[in-house]
>>> print(open('target.pdb').read())   # PDB, C-alpha atoms and all ligand atoms
MODEL        1
ATOM      1  CA  MET W  20     -62.718  14.778-119.624  1.00  0.00           C
ATOM      2  CA  LYS W  21     -63.859  17.855-117.746  1.00  0.00           C
ATOM      3  CA  ILE W  22     -62.558  17.985-114.216  1.00  0.00           C
ATOM      4  CA  LEU W  23     -63.363  20.631-111.598  1.00  0.00           C
ATOM      5  CA  LEU W  24     -60.337  20.900-109.359  1.00  0.00           C
ATOM      6  CA  HIS W  25     -60.986  22.527-106.020  1.00  0.00           C
ATOM      7  CA  THR W  26     -57.939  24.746-105.494  1.00  0.00           C
ATOM      8  CA  CYS W  27     -56.820  26.045-102.124  1.00  0.00           C
ATOM      9  CA  CYS W  28     -54.008  28.255-103.504  1.00  0.00           C
ATOM     10  CA  GLY W  29     -51.548  28.726-106.377  1.00  0.00           C
ATOM     11  CA  PRO W  30     -48.572  26.771-104.997  1.00  0.00           C
ATOM     12  CA  CYS W  31     -50.752  23.709-104.292  1.00  0.00           C
ATOM     13  CA  LEU W  32     -52.116  23.787-107.839  1.00  0.00           C
ATOM     14  CA  THR W  33     -48.765  23.516-109.609  1.00  0.00           C
ATOM     15  CA  TYR W  34     -48.078  19.818-109.184  1.00  0.00           C
ATOM     16  CA  PRO W  35     -51.679  18.523-109.617  1.00  0.00           C
ATOM     17  CA  VAL W  36     -51.933  20.438-112.926  1.00  0.00           C
ATOM     18  CA  ASP W  37     -48.616  19.026-114.044  1.00  0.00           C
ATOM     19  CA  PHE W  38     -49.653  15.522-113.058  1.00  0.00           C
ATOM     20  CA  LEU W  39     -53.087  15.683-114.703  1.00  0.00           C
ATOM     21  CA  HIS W  40     -51.633  17.088-117.923  1.00  0.00           C
ATOM     22  CA  THR W  41     -49.175  14.219-118.198  1.00  0.00           C
ATOM     23  CA  SER W  42     -51.477  11.446-117.006  1.00  0.00           C
ATOM     24  CA  GLY W  43     -54.503  11.884-119.250  1.00  0.00           C
ATOM     25  CA  ASP W  44     -56.599  14.085-121.468  1.00  0.00           C
ATOM     26  CA  TRP W  45     -57.967  16.293-118.705  1.00  0.00           C
ATOM     27  CA  ASP W  46     -59.764  19.566-119.356  1.00  0.00           C
ATOM     28  CA  ILE W  47     -58.981  21.272-116.042  1.00  0.00           C
ATOM     29  CA  THR W  48     -60.966  24.057-114.403  1.00  0.00           C
ATOM     30  CA  ALA W  49     -59.624  25.344-111.095  1.00  0.00           C
ATOM     31  CA  PHE W  50     -62.298  26.248-108.529  1.00  0.00           C
ATOM     32  CA  PHE W  51     -61.350  28.668-105.770  1.00  0.00           C
ATOM     33  CA  TYR W  52     -63.790  28.628-102.903  1.00  0.00           C
ATOM     34  CA  ASN W  53     -61.978  29.029 -99.590  1.00  0.00           C
ATOM     35  CA  PRO W  54     -63.891  31.021 -96.960  1.00  0.00           C
ATOM     36  CA  ASN W  55     -61.412  29.680 -94.405  1.00  0.00           C
ATOM     37  CA  ILE W  56     -58.606  32.057 -95.441  1.00  0.00           C
ATOM     38  CA  HIS W  57     -58.065  35.012 -93.104  1.00  0.00           C
ATOM     39  CA  PRO W  58     -57.362  37.848 -92.701  1.00  0.00           C
ATOM     40  CA  TYR W  59     -58.592  39.684 -95.782  1.00  0.00           C
ATOM     41  CA  GLN W  60     -55.151  40.796 -97.048  1.00  0.00           C
ATOM     42  CA  GLU W  61     -54.027  37.178 -96.986  1.00  0.00           C
ATOM     43  CA  PHE W  62     -57.183  36.050 -98.783  1.00  0.00           C
ATOM     44  CA  LYS W  63     -56.594  38.669-101.478  1.00  0.00           C
ATOM     45  CA  ARG W  64     -52.960  37.760-101.860  1.00  0.00           C
ATOM     46  CA  ARG W  65     -53.709  34.077-102.331  1.00  0.00           C
ATOM     47  CA  ILE W  66     -56.365  34.780-104.985  1.00  0.00           C
ATOM     48  CA  GLU W  67     -54.050  37.186-106.812  1.00  0.00           C
ATOM     49  CA  THR W  68     -51.281  34.579-106.813  1.00  0.00           C
ATOM     50  CA  LEU W  69     -53.650  31.979-108.192  1.00  0.00           C
ATOM     51  CA  VAL W  70     -55.013  34.329-110.874  1.00  0.00           C
ATOM     52  CA  SER W  71     -51.458  35.075-112.066  1.00  0.00           C
ATOM     53  CA  PHE W  72     -50.623  31.374-112.231  1.00  0.00           C
ATOM     54  CA  CYS W  73     -53.797  30.560-114.177  1.00  0.00           C
ATOM     55  CA  GLU W  74     -53.229  33.443-116.595  1.00  0.00           C
ATOM     56  CA  HIS W  75     -49.678  32.306-117.156  1.00  0.00           C
ATOM     57  CA  THR W  76     -50.529  28.626-117.687  1.00  0.00           C
ATOM     58  CA  GLY W  77     -53.884  29.010-119.457  1.00  0.00           C
ATOM     59  CA  ILE W  78     -55.849  27.174-116.769  1.00  0.00           C
ATOM     60  CA  ARG W  79     -59.514  28.133-116.583  1.00  0.00           C
ATOM     61  CA  LEU W  80     -60.388  29.541-113.167  1.00  0.00           C
ATOM     62  CA  ILE W  81     -63.682  30.004-111.374  1.00  0.00           C
ATOM     63  CA  ALA W  82     -63.015  32.108-108.295  1.00  0.00           C
ATOM     64  CA  ASP W  83     -65.385  33.041-105.513  1.00  0.00           C
ATOM     65  CA  LYS W  84     -63.871  36.323-104.427  1.00  0.00           C
ATOM     66  CA  GLU W  85     -66.292  36.951-101.568  1.00  0.00           C
ATOM     67  CA  TYR W  86     -64.400  37.047 -98.299  1.00  0.00           C
ATOM     68  CA  GLY W  87     -65.992  34.293 -96.204  1.00  0.00           C
ATOM     69  CA  LEU W  88     -65.053  35.343 -92.689  1.00  0.00           C
ATOM     70  CA  GLN W  89     -68.574  35.358 -91.275  1.00  0.00           C
ATOM     71  CA  GLU W  90     -69.709  32.135 -92.898  1.00  0.00           C
ATOM     72  CA  PHE W  91     -66.616  30.258 -91.785  1.00  0.00           C
ATOM     73  CA  MET W  92     -66.600  31.597 -88.233  1.00  0.00           C
ATOM     74  CA  ARG W  93     -70.313  30.930 -87.706  1.00  0.00           C
ATOM     75  CA  ARG W  94     -69.736  27.285 -88.510  1.00  0.00           C
ATOM     76  CA  VAL W  95     -66.562  26.827 -86.507  1.00  0.00           C
ATOM     77  CA  VAL W  96     -67.084  28.817 -83.314  1.00  0.00           C
ATOM     78  CA  PHE W  97     -67.740  26.455 -80.375  1.00  0.00           C
ATOM     79  CA  HIS W  98     -66.546  23.562 -82.585  1.00  0.00           C
ATOM     80  CA  GLU W  99     -62.869  24.483 -82.770  1.00  0.00           C
ATOM     81  CA  GLN W 100     -61.725  20.932 -82.062  1.00  0.00           C
ATOM     82  CA  LYS W 101     -63.427  19.790 -85.255  1.00  0.00           C
ATOM     83  CA  ARG W 102     -62.653  22.828 -87.293  1.00  0.00           C
ATOM     84  CA  CYS W 103     -60.653  21.114 -90.063  1.00  0.00           C
ATOM     85  CA  SER W 104     -63.410  18.620 -90.840  1.00  0.00           C
ATOM     86  CA  ILE W 105     -65.958  21.441 -90.910  1.00  0.00           C
ATOM     87  CA  CYS W 106     -63.635  23.445 -93.135  1.00  0.00           C
ATOM     88  CA  TYR W 107     -63.083  20.607 -95.641  1.00  0.00           C
ATOM     89  CA  SER W 108     -66.782  19.894 -95.777  1.00  0.00           C
ATOM     90  CA  LEU W 109     -67.695  23.528 -96.383  1.00  0.00           C
ATOM     91  CA  ARG W 110     -65.270  23.873 -99.266  1.00  0.00           C
ATOM     92  CA  LEU W 111     -65.672  20.494-100.907  1.00  0.00           C
ATOM     93  CA  ARG W 112     -69.445  20.283-100.732  1.00  0.00           C
ATOM     94  CA  SER W 113     -69.697  23.565-102.644  1.00  0.00           C
ATOM     95  CA  THR W 114     -67.169  22.317-105.163  1.00  0.00           C
ATOM     96  CA  VAL W 115     -69.024  19.086-105.844  1.00  0.00           C
ATOM     97  CA  ALA W 116     -72.395  20.841-106.034  1.00  0.00           C
ATOM     98  CA  TYR W 117     -70.931  23.251-108.583  1.00  0.00           C
ATOM     99  CA  ALA W 118     -69.385  20.429-110.597  1.00  0.00           C
ATOM    100  CA  LYS W 119     -72.669  18.559-110.703  1.00  0.00           C
ATOM    101  CA  ALA W 120     -74.721  21.615-111.650  1.00  0.00           C
ATOM    102  CA  ASN W 121     -72.328  22.604-114.426  1.00  0.00           C
ATOM    103  CA  ASP W 122     -71.818  19.291-116.216  1.00  0.00           C
ATOM    104  CA  PHE W 123     -68.322  18.477-115.114  1.00  0.00           C
ATOM    105  CA  SER W 124     -67.547  14.799-115.516  1.00  0.00           C
ATOM    106  CA  SER W 125     -65.467  14.579-112.312  1.00  0.00           C
ATOM    107  CA  PHE W 126     -63.882  16.532-109.476  1.00  0.00           C
ATOM    108  CA  SER W 127     -60.838  16.507-107.239  1.00  0.00           C
ATOM    109  CA  THR W 128     -58.963  18.826-104.878  1.00  0.00           C
ATOM    110  CA  THR W 129     -55.481  20.224-104.399  1.00  0.00           C
ATOM    111  CA  LEU W 130     -55.938  19.602-100.663  1.00  0.00           C
ATOM    112  CA  LEU W 131     -54.672  16.112-101.524  1.00  0.00           C
ATOM    113  CA  TYR W 132     -51.323  17.673-102.394  1.00  0.00           C
ATOM    114  CA  SER W 133     -50.486  18.957 -98.931  1.00  0.00           C
ATOM    115  CA  ARG W 134     -48.483  16.961 -96.441  1.00  0.00           C
ATOM    116  CA  TYR W 135     -49.989  19.084 -93.699  1.00  0.00           C
ATOM    117  CA  GLN W 136     -53.651  18.336 -94.408  1.00  0.00           C
ATOM    118  CA  ARG W 137     -55.579  15.324 -93.130  1.00  0.00           C
ATOM    119  CA  HIS W 138     -55.311  13.340 -96.288  1.00  0.00           C
ATOM    120  CA  ASP W 139     -57.500  10.380 -95.343  1.00  0.00           C
ATOM    121  CA  THR W 140     -60.275  12.587 -93.992  1.00  0.00           C
ATOM    122  CA  ILE W 141     -60.321  14.549 -97.247  1.00  0.00           C
ATOM    123  CA  LYS W 142     -60.240  11.388 -99.337  1.00  0.00           C
ATOM    124  CA  GLN W 143     -63.150   9.797 -97.437  1.00  0.00           C
ATOM    125  CA  LEU W 144     -65.182  12.982 -97.598  1.00  0.00           C
ATOM    126  CA  CYS W 145     -64.657  13.242-101.361  1.00  0.00           C
ATOM    127  CA  TYR W 146     -65.784   9.658-101.917  1.00  0.00           C
ATOM    128  CA  ALA W 147     -68.884  10.294 -99.793  1.00  0.00           C
ATOM    129  CA  LEU W 148     -69.704  13.479-101.729  1.00  0.00           C
ATOM    130  CA  ALA W 149     -69.126  11.659-105.018  1.00  0.00           C
ATOM    131  CA  GLU W 150     -71.750   9.128-104.030  1.00  0.00           C
ATOM    132  CA  GLU W 151     -74.173  11.721-102.725  1.00  0.00           C
ATOM    133  CA  PHE W 152     -73.971  13.887-105.852  1.00  0.00           C
ATOM    134  CA  ASP W 153     -73.434  11.004-108.258  1.00  0.00           C
ATOM    135  CA  ILE W 154     -70.273  12.382-109.853  1.00  0.00           C
ATOM    136  CA  PRO W 155     -66.866  10.634-110.029  1.00  0.00           C
ATOM    137  CA  PHE W 156     -64.090  11.696-107.690  1.00  0.00           C
ATOM    138  CA  VAL W 157     -60.609  11.495-109.204  1.00  0.00           C
ATOM    139  CA  TYR W 158     -58.297  10.378-106.441  1.00  0.00           C
ATOM    140  CA  HIS W 159     -54.558  10.704-106.632  1.00  0.00           C
ATOM    141  CA  ASP W 160     -52.096  11.091-103.800  1.00  0.00           C
ATOM    142  CA  PHE W 161     -50.634  14.364-105.051  1.00  0.00           C
ATOM    143  CA  ARG W 162     -48.248  14.373-102.083  1.00  0.00           C
ATOM    144  CA  ALA W 163     -45.963  12.282-104.274  1.00  0.00           C
ATOM    145  CA  GLY W 164     -45.082  15.547-106.035  1.00  0.00           C
ATOM    146  CA  TRP W 165     -44.578  17.596-102.872  1.00  0.00           C
ATOM    147  CA  GLN W 166     -41.038  18.738-103.641  1.00  0.00           C
ATOM    148  CA  GLN W 167     -41.754  19.177-107.335  1.00  0.00           C
ATOM    149  CA  GLY W 168     -44.632  21.509-106.461  1.00  0.00           C
ATOM    150  CA  ILE W 169     -42.424  23.531-104.127  1.00  0.00           C
ATOM    151  CA  ASP W 170     -39.734  23.816-106.781  1.00  0.00           C
ATOM    152  CA  LEU W 171     -42.261  24.866-109.432  1.00  0.00           C
ATOM    153  CA  SER W 172     -43.827  27.527-107.226  1.00  0.00           C
ATOM    154  CA  ILE W 173     -40.454  28.946-106.164  1.00  0.00           C
ATOM    155  CA  ALA W 174     -39.202  28.964-109.759  1.00  0.00           C
ATOM    156  CA  SER W 175     -42.228  30.961-110.860  1.00  0.00           C
ATOM    157  CA  GLY W 176     -41.806  33.467-108.021  1.00  0.00           C
ATOM    158  CA  MET W 177     -45.141  32.679-106.411  1.00  0.00           C
ATOM    159  CA  TYR W 178     -46.183  33.940-103.013  1.00  0.00           C
ATOM    160  CA  ARG W 179     -46.015  30.936-100.653  1.00  0.00           C
ATOM    161  CA  GLN W 180     -48.158  31.346 -97.576  1.00  0.00           C
ATOM    162  CA  PRO W 181     -46.701  30.495 -94.163  1.00  0.00           C
ATOM    163  CA  TYR W 182     -49.856  29.040 -92.572  1.00  0.00           C
ATOM    164  CA  CYS W 183     -52.859  26.928 -93.506  1.00  0.00           C
ATOM    165  CA  GLY W 184     -55.552  29.595 -93.750  1.00  0.00           C
ATOM    166  CA  CYS W 185     -57.808  30.334 -90.781  1.00  0.00           C
ATOM    167  CA  ILE W 186     -56.949  32.697 -87.953  1.00  0.00           C
ATOM    168  CA  TYR W 187     -56.490  29.743 -85.599  1.00  0.00           C
ATOM    169  CA  SER W 188     -53.771  28.293 -87.816  1.00  0.00           C
ATOM    170  CA  GLU W 189     -52.122  31.698 -88.130  1.00  0.00           C
ATOM    171  CA  GLN W 190     -51.999  32.104 -84.361  1.00  0.00           C
ATOM    172  CA  GLU W 191     -50.637  28.592 -83.782  1.00  0.00           C
ATOM    173  CA  ARG W 192     -48.005  29.068 -86.476  1.00  0.00           C
ATOM    174  CA  TYR W 193     -46.510  32.110 -84.741  1.00  0.00           C
ATOM    175  CA  ASP W 194     -47.363  31.400 -81.122  1.00  0.00           C
ATOM    176  CA  ASN W 195     -44.284  29.313 -80.441  1.00  0.00           C
ATOM    177  CA  ARG W 196     -41.976  32.050 -81.658  1.00  0.00           C
ATOM    178  CA  LEU W 197     -43.585  34.565 -79.319  1.00  0.00           C
ATOM    179  CA  LYS W 198     -43.488  32.156 -76.373  1.00  0.00           C
ATOM    180  CA  LYS W 199     -39.801  31.490 -76.992  1.00  0.00           C
ATOM    181  CA  ARG W 200     -39.095  35.211 -77.131  1.00  0.00           C
ATOM    182  CA  LEU W 201     -40.960  35.802 -73.858  1.00  0.00           C
ATOM    183  CA  ARG W 202     -39.206  32.899 -72.144  1.00  0.00           C
ATOM    184  CA  LYS W 203     -35.856  34.453 -72.934  1.00  0.00           C
ATOM    185  CA  THR W 204     -36.621  37.929 -71.701  1.00  0.00           C
ATOM    186  CA  LYS W 205     -34.949  39.022 -68.455  1.00  0.00           C
ATOM    187  CA  ASN W 206     -36.750  42.335 -68.364  1.00  0.00           C
ATOM    188  CA  PRO W 207     -38.500  42.588 -64.952  1.00  0.00           C
ATOM    189  CA  LEU W 208     -40.983  45.077 -66.423  1.00  0.00           C
ATOM    190  CA  ILE W 209     -42.506  42.371 -68.595  1.00  0.00           C
ATOM    191  CA  ILE W 210     -45.062  40.424 -66.582  1.00  0.00           C
ATOM    192  CA  GLN W 211     -46.471  37.378 -68.282  1.00  0.00           C
ATOM    193  CA  GLU W 212     -49.932  36.165 -67.449  1.00  0.00           C
ATOM    194  CA  SER W 213     -52.434  33.992 -69.245  1.00  0.00           C
ATOM    195  CA  HIS W 214     -56.166  34.410 -68.752  1.00  0.00           C
ATOM    196  CA  GLY W 215     -57.413  32.026 -71.396  1.00  0.00           C
ATOM    197  CA  LYS W 216     -57.008  28.515 -72.690  1.00  0.00           C
ATOM    198  CA  HIS W 217     -55.848  27.736 -76.189  1.00  0.00           C
ATOM    199  CA  HIS W 218     -56.786  24.580 -78.014  1.00  0.00           C
ATOM    200  CA  SER W 219     -54.694  23.345 -80.854  1.00  0.00           C
ATOM    201  CA  SER W 220     -56.645  21.142 -83.202  1.00  0.00           C
ATOM    202  CA  GLY W 221     -55.790  22.016 -86.759  1.00  0.00           C
ATOM    203  CA  ASN W 222     -53.063  22.465 -89.305  1.00  0.00           C
ATOM    204  CA  ASN W 223     -50.756  25.250 -88.273  1.00  0.00           C
ATOM    205  CA  GLU W 224     -48.139  24.760 -90.949  1.00  0.00           C
ATOM    206  CA  HIS W 225     -48.342  26.161 -94.447  1.00  0.00           C
ATOM    207  CA  THR W 226     -50.251  24.335 -97.174  1.00  0.00           C
TER     208      THR W 226
HETATM  209  S1  LIG V   1     -56.244  24.735 -90.004  1.00  0.00           S
HETATM  210 FE1  LIG V   1     -56.581  24.799 -92.229  1.00  0.00          FE
HETATM  211  S2  LIG V   1     -57.923  23.061 -92.689  1.00  0.00           S
HETATM  212 FE2  LIG V   1     -58.028  23.449 -90.482  1.00  0.00          FE
HETATM  213  S3  LIG V   1     -59.753  24.843 -90.217  1.00  0.00           S
HETATM  214 FE3  LIG V   1     -57.954  26.099 -90.401  1.00  0.00          FE
HETATM  215  S4  LIG V   1     -57.839  26.593 -92.572  1.00  0.00           S
HETATM  216 FE4  LIG V   1     -59.231  24.870 -92.387  1.00  0.00          FE
ENDMDL
END
>>> encode(input="target.pdb", output="structure tokens")
Amino acid sequence: MKILLHTCCGPCLTYPVDFLHTSGDWDITAFFYNPNIHPYQEFKRRIETLVSFCEHTGIRLIADKEYGLQEFMRRVVFHEQKRCSICYSLRLRSTVAYAKANDFSSFSTTLLYSRYQRHDTIKQLCYALAEEFDIPFVYHDFRAGWQQGIDLSIASGMYRQPYCGCIYSEQERYDNRLKKRLRKTKNPLIIQESHGKHHSSGNNEHT
């Protein structure tokens, strides 16, 4: 059975591939389409990590290597509170459309592996897309293999990213560290002021 597996990054692919290989006769193609990943060096690093993993394991990979900064930001700006839903929809709709147009018999996503993603939102969206495009969605709660995936990615020396993907998640991931550092400073020359508001609404942890 041909499955198109939307893949957010190499580390998140390890366990789903392992699971699918042991649970059935799946012909897996990984599909990398993630215009949410910023900045460019990070985007490049994640693709390179995934390419190495696929070369090493013999997994077929279709990778959109266009850096999607503009497309992603145009959709999210002024809708930051809903950015994760917009982000999932952008990535998964393209995946399902590709699967349908290229005769895959089903699709799924490695986003279902992460403990930090909104699992139920992703699951519901996938079922809705499956109905809209008339193609089966293969659901499995890949989070069951969370530690196994971490162990596999560390053992193979993979780059493991420290934040979800977009610049908002990068800022939130490191903001607390900076705030802590500034709180501790006794230097009277450092004047701390804030002229803007920050809204936290997404996943600031790594995958
Ligand atoms: S936090 Fe992650 S899921 Fe949410 S918008 Fe950013 S990259 Fe997408």
>>> resolve_selection(input="target.pdb", expression="the PyMOL selection byres (((not hetatm)) within 6 of (chain V and resi 1))", output="MDAnalysis selection string")
chainID W and resid 55 102:103 106 183:185 188 221:223
>>> atom_distance(input="target.pdb", atom1="CA of Ile186 (chain W)", atom2="CA of Tyr59 (chain W)")
10.6 Å
>>> residues_near_point(input="target.pdb", point="(-59.2, 37.4, -91.2)", cutoff="12 Å", atoms="all atoms listed in the file", output="list of chain:residue names")
W:Pro54, W:Asn55, W:Ile56, W:His57, W:Pro58, W:Tyr59, W:Gln60, W:Glu61, W:Phe62, W:Lys63, W:Tyr86, W:Gly87, W:Leu88, W:Gln89, W:Glu90, W:Phe91, W:Met92, W:Gly184, W:Cys185, W:Ile186, W:Tyr187, W:Ser188, W:Glu189, W:Gln190
>>> atom_distance(input="target.pdb", atom1="CA of Arg79 (chain W)", atom2="CA of Ile47 (chain W)")
6.9 Å
>>> closest_atom_pairs(input="target.pdb", of="region 57-172 of chain W", to="region 40-46 of chain W", cutoff="12 Å", atoms="only C-alpha atoms", output="tab-separated table")
residue	atom	partner	partner_atom	distance
W:Thr76	CA	W:His40	CA	11.6
W:Gly77	CA	W:Asp46	CA	11.1
W:Ile78	CA	W:Asp46	CA	8.9
W:Arg79	CA	W:Asp46	CA	9.0
W:Leu80	CA	W:Asp46	CA	11.8
W:Phe123	CA	W:Asp46	CA	9.6
W:Ser124	CA	W:Asp46	CA	9.9
W:Ser125	CA	W:Trp45	CA	10.0
W:Phe126	CA	W:Trp45	CA	11.0
W:Ser127	CA	W:Trp45	CA	11.8
W:Val157	CA	W:Trp45	CA	11.0
W:His159	CA	W:Ser42	CA	10.8
>>> write_last_selection(input="target.pdb", atoms="C-alpha atoms", output="PDB file, in the coordinates of the input")
ATOM      1  CA  THR W  76     -50.529  28.626-117.687  1.00  0.00           C
ATOM      2  CA  GLY W  77     -53.884  29.010-119.457  1.00  0.00           C
ATOM      3  CA  ILE W  78     -55.849  27.174-116.769  1.00  0.00           C
ATOM      4  CA  ARG W  79     -59.514  28.133-116.583  1.00  0.00           C
ATOM      5  CA  LEU W  80     -60.388  29.541-113.167  1.00  0.00           C
ATOM      6  CA  PHE W 123     -68.322  18.477-115.114  1.00  0.00           C
ATOM      7  CA  SER W 124     -67.547  14.799-115.516  1.00  0.00           C
ATOM      8  CA  SER W 125     -65.467  14.579-112.312  1.00  0.00           C
ATOM      9  CA  PHE W 126     -63.882  16.532-109.476  1.00  0.00           C
ATOM     10  CA  SER W 127     -60.838  16.507-107.239  1.00  0.00           C
ATOM     11  CA  VAL W 157     -60.609  11.495-109.204  1.00  0.00           C
ATOM     12  CA  HIS W 159     -54.558  10.704-106.632  1.00  0.00           C
TER      13      HIS W 159
END
>>> atom_distance(input="target.pdb", atom1="CA of Arg110 (chain W)", atom2="CA of Asn53 (chain W)")
6.1 Å
>>> closest_residue(input="target.pdb", among="W:Ser175, W:Gln211, W:Gln167, W:Ser104", to="Phe38 (chain W)", atoms="only C-alpha atoms")
W:Gln167
>>> residues_around(input="target.pdb", residues="Ile154 (chain W)", least_positions_apart="5", cutoff="12 Å", atoms="only C-alpha atoms", output="ChimeraX atom specification")
/W:21-23,114-127,145-149
>>> write_last_selection(input="target.pdb", atoms="C-alpha atoms", output="compact mmCIF listing (two decimals), keeping the file's coordinate frame")
# COMPACT_ATOMS: atom_id res chain seq x y z
CA LYS W 21 -63.86 17.86 -117.75
CA ILE W 22 -62.56 17.98 -114.22
CA LEU W 23 -63.36 20.63 -111.60
CA THR W 114 -67.17 22.32 -105.16
CA VAL W 115 -69.02 19.09 -105.84
CA ALA W 116 -72.40 20.84 -106.03
CA TYR W 117 -70.93 23.25 -108.58
CA ALA W 118 -69.39 20.43 -110.60
CA LYS W 119 -72.67 18.56 -110.70
CA ALA W 120 -74.72 21.62 -111.65
CA ASN W 121 -72.33 22.60 -114.43
CA ASP W 122 -71.82 19.29 -116.22
CA PHE W 123 -68.32 18.48 -115.11
CA SER W 124 -67.55 14.80 -115.52
CA SER W 125 -65.47 14.58 -112.31
CA PHE W 126 -63.88 16.53 -109.48
CA SER W 127 -60.84 16.51 -107.24
CA CYS W 145 -64.66 13.24 -101.36
CA TYR W 146 -65.78 9.66 -101.92
CA ALA W 147 -68.88 10.29 -99.79
CA LEU W 148 -69.70 13.48 -101.73
CA ALA W 149 -69.13 11.66 -105.02
>>> resolve_selection(input="target.pdb", expression="the PyMOL selection byres (((chain W and resi 70) around 12) and not hetatm)", output="number ranges by chain")
W: 26, 28-30, 32, 49-51, 63-69, 71-84, 177-178
>>> closest_residue(input="target.pdb", among="W:Gly168, W:Ser108, W:Thr129, W:Tyr182", to="Asp194 (chain W)", atoms="all atoms listed in the file")
W:Tyr182
>>> residues_near_point(input="target.pdb", point="(-62.5, 16.9, -99.6)", cutoff="8 Å", atoms="only C-alpha atoms", output="number ranges by chain")
W: 107-108, 110-112, 127-128, 130, 140-145
>>> write_last_selection(input="target.pdb", atoms="C-alpha atoms", output="PDB file, in the frame of the given file")
ATOM      1  CA  TYR W 107     -63.083  20.607 -95.641  1.00  0.00           C
ATOM      2  CA  SER W 108     -66.782  19.894 -95.777  1.00  0.00           C
ATOM      3  CA  ARG W 110     -65.270  23.873 -99.266  1.00  0.00           C
ATOM      4  CA  LEU W 111     -65.672  20.494-100.907  1.00  0.00           C
ATOM      5  CA  ARG W 112     -69.445  20.283-100.732  1.00  0.00           C
ATOM      6  CA  SER W 127     -60.838  16.507-107.239  1.00  0.00           C
ATOM      7  CA  THR W 128     -58.963  18.826-104.878  1.00  0.00           C
ATOM      8  CA  LEU W 130     -55.938  19.602-100.663  1.00  0.00           C
ATOM      9  CA  THR W 140     -60.275  12.587 -93.992  1.00  0.00           C
ATOM     10  CA  ILE W 141     -60.321  14.549 -97.247  1.00  0.00           C
ATOM     11  CA  LYS W 142     -60.240  11.388 -99.337  1.00  0.00           C
ATOM     12  CA  GLN W 143     -63.150   9.797 -97.437  1.00  0.00           C
ATOM     13  CA  LEU W 144     -65.182  12.982 -97.598  1.00  0.00           C
ATOM     14  CA  CYS W 145     -64.657  13.242-101.361  1.00  0.00           C
TER      15      CYS W 145
END
>>> closest_residue(input="target.pdb", among="W:Ile169, W:Leu208, W:Ala163, W:Leu131", to="Cys27 (chain W)", atoms="only C-alpha atoms")
W:Leu131
>>> build_atoms(input="target.pdb", residues="region 190-200 of chain W", atoms="N, CA, C and O atoms", output="PDB file, in the frame of the given file")
ATOM      1  N   GLN W 190     -52.445  31.892 -85.739  1.00  0.00           N
ATOM      2  CA  GLN W 190     -51.999  32.104 -84.361  1.00  0.00           C
ATOM      3  C   GLN W 190     -51.065  30.974 -83.910  1.00  0.00           C
ATOM      4  O   GLN W 190     -50.005  31.215 -83.328  1.00  0.00           O
ATOM      5  N   GLU W 191     -51.455  29.741 -84.215  1.00  0.00           N
ATOM      6  CA  GLU W 191     -50.637  28.592 -83.782  1.00  0.00           C
ATOM      7  C   GLU W 191     -49.267  28.598 -84.462  1.00  0.00           C
ATOM      8  O   GLU W 191     -48.258  28.233 -83.868  1.00  0.00           O
ATOM      9  N   ARG W 192     -49.260  29.038 -85.721  1.00  0.00           N
ATOM     10  CA  ARG W 192     -48.005  29.068 -86.476  1.00  0.00           C
ATOM     11  C   ARG W 192     -46.967  29.976 -85.808  1.00  0.00           C
ATOM     12  O   ARG W 192     -45.786  29.675 -85.781  1.00  0.00           O
ATOM     13  N   TYR W 193     -47.445  31.119 -85.274  1.00  0.00           N
ATOM     14  CA  TYR W 193     -46.510  32.110 -84.741  1.00  0.00           C
ATOM     15  C   TYR W 193     -46.419  32.111 -83.215  1.00  0.00           C
ATOM     16  O   TYR W 193     -45.560  32.771 -82.644  1.00  0.00           O
ATOM     17  N   ASP W 194     -47.314  31.383 -82.578  1.00  0.00           N
ATOM     18  CA  ASP W 194     -47.363  31.400 -81.122  1.00  0.00           C
ATOM     19  C   ASP W 194     -46.056  30.917 -80.492  1.00  0.00           C
ATOM     20  O   ASP W 194     -45.569  31.508 -79.530  1.00  0.00           O
ATOM     21  N   ASN W 195     -45.501  29.867 -81.022  1.00  0.00           N
ATOM     22  CA  ASN W 195     -44.284  29.313 -80.441  1.00  0.00           C
ATOM     23  C   ASN W 195     -43.132  30.309 -80.454  1.00  0.00           C
ATOM     24  O   ASN W 195     -42.367  30.409 -79.501  1.00  0.00           O
ATOM     25  N   ARG W 196     -43.038  31.041 -81.565  1.00  0.00           N
ATOM     26  CA  ARG W 196     -41.976  32.050 -81.658  1.00  0.00           C
ATOM     27  C   ARG W 196     -42.115  33.087 -80.552  1.00  0.00           C
ATOM     28  O   ARG W 196     -41.145  33.465 -79.906  1.00  0.00           O
ATOM     29  N   LEU W 197     -43.338  33.546 -80.341  1.00  0.00           N
ATOM     30  CA  LEU W 197     -43.585  34.565 -79.319  1.00  0.00           C
ATOM     31  C   LEU W 197     -43.272  33.997 -77.927  1.00  0.00           C
ATOM     32  O   LEU W 197     -42.622  34.654 -77.105  1.00  0.00           O
ATOM     33  N   LYS W 198     -43.727  32.758 -77.689  1.00  0.00           N
ATOM     34  CA  LYS W 198     -43.488  32.156 -76.373  1.00  0.00           C
ATOM     35  C   LYS W 198     -41.993  32.038 -76.100  1.00  0.00           C
ATOM     36  O   LYS W 198     -41.529  32.294 -74.999  1.00  0.00           O
ATOM     37  N   LYS W 199     -41.254  31.630 -77.127  1.00  0.00           N
ATOM     38  CA  LYS W 199     -39.801  31.490 -76.992  1.00  0.00           C
ATOM     39  C   LYS W 199     -39.171  32.838 -76.637  1.00  0.00           C
ATOM     40  O   LYS W 199     -38.340  32.953 -75.758  1.00  0.00           O
ATOM     41  N   ARG W 200     -39.615  33.862 -77.349  1.00  0.00           N
ATOM     42  CA  ARG W 200     -39.095  35.211 -77.131  1.00  0.00           C
ATOM     43  C   ARG W 200     -39.368  35.655 -75.691  1.00  0.00           C
ATOM     44  O   ARG W 200     -38.504  36.207 -75.015  1.00  0.00           O
TER      45      ARG W 200
END
